[in-house]
Amino acid sequence: FVGVGGGNDFQWCFSQVKGAIDEDVAEADIISTVEFNYSGELLATGDKGGRVVIFQREQESKNRPHSRGEYNVYSTFQSHEPEFDYLKSLEIEEKINKIRWLPQQNAAHSLLSTNDKTIKLWKISQRDKRAEGYNLKDEDGRLRDPFRITSLRVPVLLPMDLMVEASPRRIFANAHTYHINSISVNSDHETYLSADDLRVNLWHLEITDRSFNIVDIKPANMEELTEVITAAECHPHQCNVFVYSSSKGTIRLCDMRAAALCDRQSKFFEEPEDPSSRSFFSEIISSISDVKFSHSGRYMMTRDYLSVKVWDLNMENRPVETYQVHEYLRSKLCSLYENDCIFDKFECCWNGSDSAIMTGSYNNFFRMFDRNTRRDITLEASRENSKPRAILKARKVSTGGKRKKDEISVDSLDFNKKILHTAWHPKENVIAVAATNNLYIFQDKIN
């Protein structure tokens, strides 16, 4: 299966799993977002309890020069707390909806994290030295009597145990009436956008008390509401371009140079519906849960309930590639509607060279599609095959009556085990997959 480098086939193997083995999973421990930073050296996860856990990749050791570093916990901090909106009598939960890293400018790292209402800019810095030998205070911190100081000394820096600190630098609040579903850092690295169900706002990273509303689809009469915004993202190279997707399965590309309020899109991407396949569930399953630009900026990928589509930005009338993620669930839509699974929001991601894409499914399965060879594979994140360097076996789901030995029947899939959040290392074949409260890390078998 081709990955970042392209060319030869290779196999994925298990690398690590982070998380508790308990059968009873606490709601607060469920991972709600996963994101690599720009270098891939750090990996952040957010959970429903409002915590952010950052993993750092260990450096390659001299004893094992060919072994690639594992990711170990670097910092854990409480990003959001539960709040209560007294005006609306609404509880605001602490769940982290999205994390986005900012490009590194100095020794410290910065990231944005958001819950339903409030976005925070966090600085993650480390200290491994402390100053000693002050003139005006003792070693325990008490001030000395200035009249007793008879000589001056030069303070010195002494090594200490590494300490990682996370401090909130900015809090961007009170700008969203509805729940925030997306944040995206712009390519100018000075601004970012945030989107809720009906509006998209543009922020400056230095200014917390105001933002610019650039999209507003709220009708004058809320009874006329026909669609909501489901995701939004900035273009990776053009800071004036962004896209947002809707629950009707459409994508709008907007240019901020055209107007201050981007109510009229520059491009409108929509695939015409096949009338023969129309059903009661058509509108629900066509809702787009995620949209991602390719690293090159030429393509974008959208994920709806049953498929992943790749669009060329120069062609609006249909996608250039469509990949079926779990077509075998089409006959199960009725029961998926009854248990609310049909409303699950799956994310998708590109590999570093845009040659492969990945997205999640049920039963802790996740799917990969090779864009060059059109091959695809289904893999499973489970503790059963979590021996270090164990090669992942391709999984198959049988839909017919007769089931082959290695296949799993579509009726025995566990819909409570779902992979909604995945991330791909920006430069290497290393992937992070969130399965409930466990974070699985897989890598290729080259080493």
# chains A, B, ... in the order shown; residues from 1 in each chain; ligands from 1
$ residues_around --residues "Phe280 (chain A)" --least-positions-apart "5" --cutoff "12 Å" --atoms "only C-alpha atoms" --output "PyMOL selection string"
chain A and resi 285-286+330+333-334+337
$ residues_around --residues "region 153-162 of chain A" --least-positions-apart "3" --cutoff "12 Å" --atoms "only C-alpha atoms" --output "ChimeraX atom specification"
/A:74-75,125-139,149-150,165
$ residues_around --residues "Val325 (chain A)" --least-positions-apart "5" --cutoff "12 Å" --atoms "only C-alpha atoms" --output "PyMOL selection string"
chain A and resi 303-309+330+346-348+357-362+365-369+376-378+397
$ write_last_selection --atoms "N, CA and C atoms" --output "short mmCIF file (atom, residue, chain, number, x, y, z; two decimals), in the first residue's frame"
data_model
loop_
_atom_site.label_atom_id
_atom_site.label_comp_id
_atom_site.auth_asym_id
_atom_site.auth_seq_id
_atom_site.Cartn_x
_atom_site.Cartn_y
_atom_site.Cartn_z
N ARG A 303 -15.99 14.39 3.50
CA ARG A 303 -16.45 13.11 4.04
C ARG A 303 -17.93 13.23 4.34
N ASP A 304 -18.73 12.39 3.72
CA ASP A 304 -20.13 12.28 4.12
C ASP A 304 -20.30 10.92 4.84
N TYR A 305 -21.52 10.50 5.08
CA TYR A 305 -21.69 9.32 5.94
C TYR A 305 -21.13 8.04 5.31
N LEU A 306 -21.31 7.87 4.01
CA LEU A 306 -20.90 6.60 3.38
C LEU A 306 -19.64 6.71 2.53
N SER A 307 -19.19 7.92 2.20
CA SER A 307 -18.08 8.01 1.24
C SER A 307 -17.15 9.18 1.51
N VAL A 308 -15.99 9.12 0.84
CA VAL A 308 -15.03 10.23 0.81
C VAL A 308 -14.93 10.69 -0.64
N LYS A 309 -14.98 12.00 -0.86
CA LYS A 309 -14.88 12.53 -2.22
C LYS A 309 -13.72 13.50 -2.30
N ARG A 330 -25.44 0.59 3.67
CA ARG A 330 -26.59 1.23 3.02
C ARG A 330 -27.89 0.48 3.35
N PHE A 346 -17.69 11.63 10.99
CA PHE A 346 -16.36 11.06 10.73
C PHE A 346 -15.45 12.12 10.11
N GLU A 347 -14.20 12.12 10.54
CA GLU A 347 -13.22 13.03 9.95
C GLU A 347 -12.40 12.27 8.91
N CYS A 348 -11.62 13.02 8.12
CA CYS A 348 -10.75 12.40 7.12
C CYS A 348 -9.42 13.16 7.09
N ILE A 357 -5.37 8.77 1.39
CA ILE A 357 -6.28 9.39 2.35
C ILE A 357 -6.77 8.34 3.34
N MET A 358 -7.18 8.83 4.50
CA MET A 358 -7.60 7.90 5.57
C MET A 358 -8.86 8.46 6.24
N THR A 359 -9.74 7.56 6.63
CA THR A 359 -10.92 7.95 7.38
C THR A 359 -11.39 6.75 8.22
N GLY A 360 -12.28 7.01 9.16
CA GLY A 360 -12.68 5.96 10.09
C GLY A 360 -14.00 5.31 9.72
N SER A 361 -14.31 4.23 10.44
CA SER A 361 -15.56 3.50 10.24
C SER A 361 -15.97 2.90 11.59
N TYR A 362 -16.86 1.91 11.55
CA TYR A 362 -17.33 1.27 12.78
C TYR A 362 -16.51 0.01 13.09
N PHE A 365 -12.73 -0.08 12.83
CA PHE A 365 -12.07 -0.18 11.53
C PHE A 365 -11.73 1.22 11.03
N PHE A 366 -10.63 1.32 10.29
CA PHE A 366 -10.36 2.56 9.57
C PHE A 366 -9.89 2.20 8.17
N ARG A 367 -10.19 3.09 7.24
CA ARG A 367 -9.98 2.80 5.81
C ARG A 367 -8.90 3.71 5.24
N MET A 368 -8.10 3.13 4.33
CA MET A 368 -7.10 3.91 3.59
C MET A 368 -7.30 3.69 2.11
N PHE A 369 -7.13 4.76 1.35
CA PHE A 369 -7.30 4.70 -0.10
C PHE A 369 -6.05 5.28 -0.76
N ASP A 376 -7.47 -0.01 -1.94
CA ASP A 376 -7.91 0.41 -0.62
C ASP A 376 -7.71 -0.73 0.36
N ILE A 377 -7.68 -0.38 1.63
CA ILE A 377 -7.46 -1.40 2.66
C ILE A 377 -8.27 -1.01 3.90
N THR A 378 -8.75 -2.04 4.61
CA THR A 378 -9.45 -1.83 5.88
C THR A 378 -8.57 -2.41 6.99
N VAL A 397 -15.32 -7.16 5.29
CA VAL A 397 -16.69 -7.31 5.78
C VAL A 397 -17.50 -8.02 4.72
#
$ closest_residue --among "A:Thr118, A:Gln238, A:Ser246, A:Thr76" --to "Val52 (chain A)" --atoms "only C-alpha atoms"
A:Thr76
$ closest_residue --among "A:Ser282, A:Thr45, A:Ser386, A:Gln16" --to "Ile30 (chain A)" --atoms "only C-alpha atoms"
A:Thr45
$ select_by_dssp --residues "region 147-342 of chain A" --states "strand (DSSP E)" --output "MDAnalysis selection string"
chainID A and resid 156:172 182:185 191:195 199:204 212:216 229:234 241:246 251:255 267:269 290:293 299:303 307:312 321:324
$ residues_around --residues "Tyr440 (chain A)" --least-positions-apart "3" --cutoff "6 Å" --atoms "only C-alpha atoms" --output "list in words"
Gln16, Val17, Ala432 and Val433 of chain A
$ write_last_selection --atoms "N, CA, C and O atoms" --output "PDB file, in the first residue's frame"
ATOM      1  N   GLN A  16       2.208   1.779  19.069  1.00  0.00           N
ATOM      2  CA  GLN A  16       1.882   2.039  20.475  1.00  0.00           C
ATOM      3  C   GLN A  16       0.383   2.146  20.656  1.00  0.00           C
ATOM      4  O   GLN A  16      -0.344   2.404  19.701  1.00  0.00           O
ATOM      5  N   VAL A  17      -0.039   1.989  21.908  1.00  0.00           N
ATOM      6  CA  VAL A  17      -1.419   2.347  22.272  1.00  0.00           C
ATOM      7  C   VAL A  17      -1.357   3.069  23.604  1.00  0.00           C
ATOM      8  O   VAL A  17      -0.631   2.679  24.512  1.00  0.00           O
ATOM      9  N   ALA A 432      -2.086   8.329  13.657  1.00  0.00           N
ATOM     10  CA  ALA A 432      -2.687   8.275  14.992  1.00  0.00           C
ATOM     11  C   ALA A 432      -4.186   8.082  14.812  1.00  0.00           C
ATOM     12  O   ALA A 432      -4.820   8.773  14.017  1.00  0.00           O
ATOM     13  N   VAL A 433      -4.730   7.113  15.548  1.00  0.00           N
ATOM     14  CA  VAL A 433      -6.137   6.744  15.411  1.00  0.00           C
ATOM     15  C   VAL A 433      -6.764   6.729  16.803  1.00  0.00           C
ATOM     16  O   VAL A 433      -6.265   6.039  17.697  1.00  0.00           O
TER      17      VAL A 433
END
$ residues_around --residues "Val200 (chain A)" --least-positions-apart "2" --cutoff "9 Å" --atoms "only C-alpha atoms" --output "list in words"
His176, Leu193, Ser194, Ala195, Asp196, Asp197, Leu198, Leu202, Phe212, Asn213, Ile214, Val215, Asp216, Ile229, Ala232 and Tyr244 of chain A
$ atom_distance --atom1 "CA of Ser39 (chain A)" --atom2 "CA of Pro103 (chain A)"
8.9 Å
$ closest_residue --among "A:Trp101, A:Trp311, A:Phe281, A:Phe293" --to "Phe268 (chain A)" --atoms "only C-alpha atoms"
A:Trp311
$ atom_distance --atom1 "CA of Ile92 (chain A)" --atom2 "CA of Asp116 (chain A)"
6.9 Å
$ residues_around --residues "Leu112 (chain A)" --least-positions-apart "6" --cutoff "7 Å" --atoms "only C-alpha atoms" --output "list in words"
Ile99, Arg100, Trp101, Ile119, Lys120, Leu121 and Trp122 of chain A
$ write_last_selection --atoms "N, CA and C atoms" --output "PDB file, in the first residue's frame"
ATOM      1  N   ILE A  99      -8.504  20.927  17.969  1.00  0.00           N
ATOM      2  CA  ILE A  99      -7.193  21.477  18.327  1.00  0.00           C
ATOM      3  C   ILE A  99      -6.478  21.805  17.015  1.00  0.00           C
ATOM      4  N   ARG A 100      -5.871  22.972  16.957  1.00  0.00           N
ATOM      5  CA  ARG A 100      -5.058  23.340  15.785  1.00  0.00           C
ATOM      6  C   ARG A 100      -3.741  23.939  16.268  1.00  0.00           C
ATOM      7  N   TRP A 101      -2.632  23.380  15.753  1.00  0.00           N
ATOM      8  CA  TRP A 101      -1.302  23.892  16.095  1.00  0.00           C
ATOM      9  C   TRP A 101      -0.988  25.146  15.289  1.00  0.00           C
ATOM     10  N   ILE A 119     -12.647  29.738  22.496  1.00  0.00           N
ATOM     11  CA  ILE A 119     -11.381  29.300  21.899  1.00  0.00           C
ATOM     12  C   ILE A 119     -10.245  29.836  22.762  1.00  0.00           C
ATOM     13  N   LYS A 120      -9.247  29.009  23.006  1.00  0.00           N
ATOM     14  CA  LYS A 120      -8.099  29.445  23.821  1.00  0.00           C
ATOM     15  C   LYS A 120      -6.802  29.201  23.068  1.00  0.00           C
ATOM     16  N   LEU A 121      -5.889  30.169  23.209  1.00  0.00           N
ATOM     17  CA  LEU A 121      -4.542  30.029  22.646  1.00  0.00           C
ATOM     18  C   LEU A 121      -3.606  29.646  23.785  1.00  0.00           C
ATOM     19  N   TRP A 122      -2.984  28.477  23.670  1.00  0.00           N
ATOM     20  CA  TRP A 122      -2.099  27.964  24.720  1.00  0.00           C
ATOM     21  C   TRP A 122      -0.639  28.024  24.265  1.00  0.00           C
TER      22      TRP A 122
END
$ residues_around --residues "Lys218 (chain A)" --least-positions-apart "3" --cutoff "10 Å" --atoms "only C-alpha atoms" --output "list in words"
Asp197, Leu198, Arg199, Val215, Asn221, Met222, Glu224, Leu225, Thr226, Glu227 and Val228 of chain A
$ closest_residue --among "A:Pro168, A:Gly141, A:Gly40, A:Gly297" --to "Arg57 (chain A)" --atoms "only C-alpha atoms"
A:Gly40
